[in-house]
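Structure below is protein-v5.txt: compact mmCIF, C-alpha atoms.
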```
# COMPACT_ATOMS: atom_id res chain seq x y z
CA MET A 701 0.00 0.00 0.00
CA THR A 702 1.35 3.42 -0.97
CA ALA A 703 1.25 6.18 1.60
CA THR A 704 -0.99 9.04 0.49
CA PRO A 705 -1.59 12.39 2.17
CA THR A 706 -4.98 11.07 3.31
CA SER A 707 -3.55 7.88 4.79
CA LEU A 708 -0.78 9.82 6.55
CA LEU A 709 -3.29 12.30 7.99
CA ALA A 710 -5.55 9.46 9.09
CA ALA A 711 -2.71 7.50 10.70
CA GLY A 712 -1.51 10.55 12.62
CA LEU A 713 -5.02 11.51 13.69
CA ALA A 714 -5.88 7.97 14.77
CA THR A 715 -2.66 7.86 16.82
CA VAL A 716 -3.63 11.07 18.64
CA LEU A 717 -7.16 9.79 19.29
CA VAL A 718 -5.89 6.46 20.60
CA ALA A 719 -3.39 8.26 22.86
CA LEU A 720 -6.24 10.37 24.26
CA ALA A 721 -8.35 7.23 24.74
CA LEU A 722 -5.49 5.59 26.65
CA LEU A 723 -5.13 8.67 28.84
CA HIS A 724 -8.82 8.46 29.73
CA LEU A 725 -8.45 4.74 30.50
CA TYR A 726 -5.57 5.63 32.81
CA TRP A 727 -7.80 8.18 34.53
CA MET A 728 -10.51 5.52 34.82
CA VAL A 729 -8.12 3.31 36.75
CA ARG A 730 -6.17 5.91 38.73
CA GLY A 731 -8.74 8.69 39.00
CA VAL A 732 -8.55 12.23 37.67
CA GLY A 733 -6.83 14.80 39.82
CA THR A 734 -8.23 18.29 40.19
CA GLY A 735 -5.16 20.02 38.73
CA THR A 736 -5.30 20.87 35.05
CA ALA A 737 -7.48 18.05 33.70
CA VAL A 738 -10.82 19.29 35.06
CA PRO A 739 -12.32 22.78 34.64
CA THR A 740 -12.42 24.73 37.88
CA ARG A 741 -14.18 27.77 39.19
CA THR A 742 -12.09 30.83 39.97
CA ASP A 743 -11.85 29.71 43.61
CA GLY A 744 -10.23 26.45 42.46
CA THR A 745 -13.13 24.09 43.11
CA PRO A 746 -13.66 21.60 40.28
CA LEU A 747 -16.85 21.86 38.25
CA PHE A 748 -17.26 18.09 38.43
CA ARG A 749 -15.38 15.00 39.47
CA PRO A 750 -15.26 12.54 36.58
CA GLY A 751 -15.86 9.00 37.72
CA ARG A 752 -14.80 5.70 36.25
CA VAL A 753 -17.86 5.36 34.01
CA ALA A 754 -17.43 8.86 32.57
CA SER A 755 -13.73 8.27 31.89
CA LEU A 756 -14.48 4.91 30.26
CA THR A 757 -17.25 6.44 28.14
CA VAL A 758 -14.92 9.15 26.83
CA ALA A 759 -12.19 6.57 26.18
CA LEU A 760 -14.59 4.41 24.18
CA ALA A 761 -15.85 7.42 22.20
CA LEU A 762 -12.26 8.42 21.36
CA GLY A 763 -11.49 4.84 20.33
CA ALA A 764 -14.58 4.80 18.10
CA ALA A 765 -13.46 8.09 16.56
CA ALA A 766 -10.03 6.58 15.80
CA LEU A 767 -11.74 3.59 14.19
CA LEU A 768 -13.90 5.88 12.03
CA VAL A 769 -10.79 7.78 10.92
CA LEU A 770 -9.09 4.55 9.85
CA LEU A 771 -12.25 3.35 8.10
CA ARG A 772 -12.67 6.65 6.25
CA ALA A 773 -9.08 6.55 4.97
CA ARG A 774 -9.64 2.91 3.99
CA LEU A 775 -6.73 1.78 6.13
CA ILE A 776 -9.04 -0.89 7.52
CA ASP A 777 -12.26 -2.36 6.13
CA LEU A 778 -15.16 -3.67 8.20
CA GLY A 779 -17.62 -3.70 5.33
CA LEU A 780 -19.59 -0.70 6.57
CA PRO A 781 -21.32 1.46 3.97
CA LEU A 782 -19.26 4.53 3.07
CA VAL A 783 -22.21 6.80 3.82
CA MET A 784 -22.26 5.57 7.44
CA VAL A 785 -18.54 6.14 7.80
CA ARG A 786 -18.83 9.65 6.33
CA LEU A 787 -21.69 10.53 8.67
CA GLY A 788 -19.67 9.23 11.58
CA ILE A 789 -16.58 11.20 10.63
CA TRP A 790 -18.68 14.37 10.28
CA GLY A 791 -20.02 13.65 13.77
CA VAL A 792 -16.46 13.47 15.10
CA ALA A 793 -15.61 16.77 13.37
CA ALA A 794 -18.74 18.41 14.79
CA ALA A 795 -18.05 17.17 18.32
CA PHE A 796 -14.49 18.50 18.32
CA ALA A 797 -15.60 21.77 16.69
CA ALA A 798 -18.18 22.19 19.45
CA ARG A 799 -15.50 21.55 22.09
CA THR A 800 -13.29 24.12 20.36
CA VAL A 801 -16.02 26.77 20.61
CA GLY A 802 -16.75 25.69 24.17
CA ASP A 803 -19.47 26.47 26.66
CA PHE A 804 -18.75 30.24 26.88
CA HIS A 805 -17.90 29.86 30.58
CA PHE A 806 -15.20 27.32 31.44
CA VAL A 807 -13.88 25.68 28.23
CA GLY A 808 -13.13 26.62 24.64
CA LEU A 809 -12.20 29.69 22.66
CA PHE A 810 -14.91 31.86 24.16
CA LYS A 811 -14.67 30.94 27.85
CA SER A 812 -15.18 33.73 30.36
CA VAL A 813 -13.39 32.10 33.30
CA ARG A 814 -9.68 32.64 32.82
CA GLY A 815 -6.65 32.54 35.05
CA THR A 816 -7.19 29.06 36.46
CA PRO A 817 -4.62 26.30 35.79
CA PHE A 818 -7.17 24.48 33.61
CA ALA A 819 -7.96 27.65 31.63
CA ARG A 820 -4.28 28.20 30.88
CA TRP A 821 -3.87 24.62 29.65
CA ASP A 822 -7.12 24.93 27.73
CA ASP A 823 -5.77 28.00 25.91
CA ARG A 824 -2.37 26.48 25.18
CA LEU A 825 -3.16 22.83 24.46
CA PHE A 826 -6.68 21.47 24.86
CA THR A 827 -8.60 23.88 22.61
CA PRO A 828 -5.94 24.06 19.86
CA LEU A 829 -5.79 20.25 19.85
CA CYS A 830 -9.58 20.03 19.53
CA LEU A 831 -9.46 22.52 16.66
CA ALA A 832 -6.76 20.51 14.89
CA ILE A 833 -8.76 17.29 15.32
CA ALA A 834 -11.93 19.00 14.04
CA LEU A 835 -10.13 20.31 10.96
CA ALA A 836 -8.36 17.03 10.24
CA THR A 837 -11.57 15.02 10.47
CA ALA A 838 -13.37 17.54 8.25
CA ILE A 839 -10.59 17.14 5.68
CA LEU A 840 -10.99 13.36 5.84
CA ALA A 841 -14.76 13.69 5.48
CA THR A 842 -14.42 15.73 2.29
CA THR A 843 -11.56 13.86 0.64
CA THR A 844 -12.29 11.83 -2.49
CA GLU A 845 -9.47 9.30 -2.14
```
Would you write out, as structure tokens, the structure that this file holds?
Amino acid sequence: MTATPTSLLAAGLATVLVALALLHLYWMVRGVGTGTAVPTRTDGTPLFRPGRVASLTVALALGAAALLVLLRARLIDLGLPLVMVRLGIWGVAAAFAARTVGDFHFVGLFKSVRGTPFARWDDRLFTPLCLAIALATAILATTTE
């Protein structure tokens, strides 16, 4: 199989998604600290405390997203109709685009709560990564390869 720009993009994107899924599995087992992984109010109290089920759910969703990326680039074949795969990949793009925009309070480009450790990491890493994933999946959804 010859490497194409689409297959290289898909392989890189799937790797990132799997790494994020593994991180959430780690948090499922070890628990999520209140440092930079969870949004906090300005007084430092976490907005929520993700439990094992929530961490597992996110890990499974990220794993499913990685699978859709590989299916869309035709790096693997499970016999699913292309229209289903395309709809799925657009769903992944939409989910990460929504996370990029955020909730207008604690996460995303337009958050109002700033200055917390989470907000700084969100500005520097989390939101840009979500934007990159959204754009990459949108590219995969529109490619004709």
Neighbour list for stretch 784-789 of chain A as a list in words, cut-off 10 Å, only C-alpha atoms, skip fewer than 6 positions in-chain:
Ala764, Ala765, Ala766, Leu767, Leu768, Val769, Leu770, Leu771, Arg772, Ala773, Ala795, Ala834, Thr837, Ala838, Ile839, Leu840, Ala841 and Thr842 of chain A
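Closest to A:Arg820 among A:Leu713, A:Val753, A:Leu725, A:Val807 is A:Val807, based on only C-alpha atoms.
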Considering only C-alpha atoms, can you say which of A:Arg824, A:Ser707, A:Gly731, A:Thr736 comes closest to A:Arg749?
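Selected residue with least distance to A:Arg749: A:Gly731.
Take atom CA of A:Thr745 and atom CA of A:Arg814: the distance between them is 13.8 Å.
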So how many Å separate atom CA of A:Leu709 and atom CA of A:Asp822, to one decimal?
23.7 Å
Would you mind listing what lies within 12 Å of A:Ala719 as a PDB file with C-alpha atoms, in the coordinates of the input, with only C-alpha atoms counted and same-chain residues fewer than 4 positions away left out?
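For reference, selection_23.pdb as written:
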```
ATOM      1  CA  GLY A 712      -1.510  10.550  12.620  1.00  0.00           C
ATOM      2  CA  LEU A 713      -5.020  11.510  13.690  1.00  0.00           C
ATOM      3  CA  ALA A 714      -5.880   7.970  14.770  1.00  0.00           C
ATOM      4  CA  THR A 715      -2.660   7.860  16.820  1.00  0.00           C
ATOM      5  CA  LEU A 723      -5.130   8.670  28.840  1.00  0.00           C
ATOM      6  CA  HIS A 724      -8.820   8.460  29.730  1.00  0.00           C
ATOM      7  CA  LEU A 725      -8.450   4.740  30.500  1.00  0.00           C
ATOM      8  CA  TYR A 726      -5.570   5.630  32.810  1.00  0.00           C
ATOM      9  CA  ALA A 759     -12.190   6.570  26.180  1.00  0.00           C
ATOM     10  CA  LEU A 760     -14.590   4.410  24.180  1.00  0.00           C
ATOM     11  CA  LEU A 762     -12.260   8.420  21.360  1.00  0.00           C
ATOM     12  CA  GLY A 763     -11.490   4.840  20.330  1.00  0.00           C
ATOM     13  CA  ALA A 765     -13.460   8.090  16.560  1.00  0.00           C
ATOM     14  CA  ALA A 766     -10.030   6.580  15.800  1.00  0.00           C
TER      15      ALA A 766
END
```
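Residues surrounding A:Ala703 within 12 Å are Thr706, Ser707, Leu708, Leu709, Ala710, Ala711, Ala773, Arg774, Leu775 and Glu845 of chain A [only C-alpha atoms; sequence separation below 3 positions excluded].
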What is the atom CA of A:Gly791 to atom CA of A:Leu717 distance in Å?
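Between atom CA of A:Gly791 and atom CA of A:Leu717 the gap works out to 14.5 Å.
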Closest of A:Phe818, A:Phe806, A:Phe796, A:Trp727 to A:Ala832 - atom-to-atom distances counting all atoms listed in the file:
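Checking each of A:Phe818, A:Phe806, A:Phe796, A:Trp727 against A:Ala832, counting all atoms listed in the file, the winner is A:Phe796.
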Nearest-residue call for A:Cys830, choices A:Ile776, A:Val732, A:Leu747, A:Val801, using all atoms listed in the file
A:Val801
Do a neighbour search on A:Pro817 at 9 Å with only C-alpha atoms, toss out local chain neighbours closer than 6 positions, and write the hits as number ranges by chain.
A: 735-737, 739-740, 744
Do you know which residues are at most 8 Å from A:Val813 counting all atoms listed in the file, after dropping those on the same chain fewer than 3 positions away, and could you put them as a ChimeraX atom specification?
/A:741-742,805-806,816,819
Report as JSON the centre and the edge lengths, in Å to one decimal, of the axis-aligned box holding every listed atom of stretch 735-753 of chain A, padded by 5 Å on each side.
```
{"center_x": -11.5, "center_y": 18.1, "center_z": 38.7, "size_x": 22.7, "size_y": 35.5, "size_z": 19.9}
```
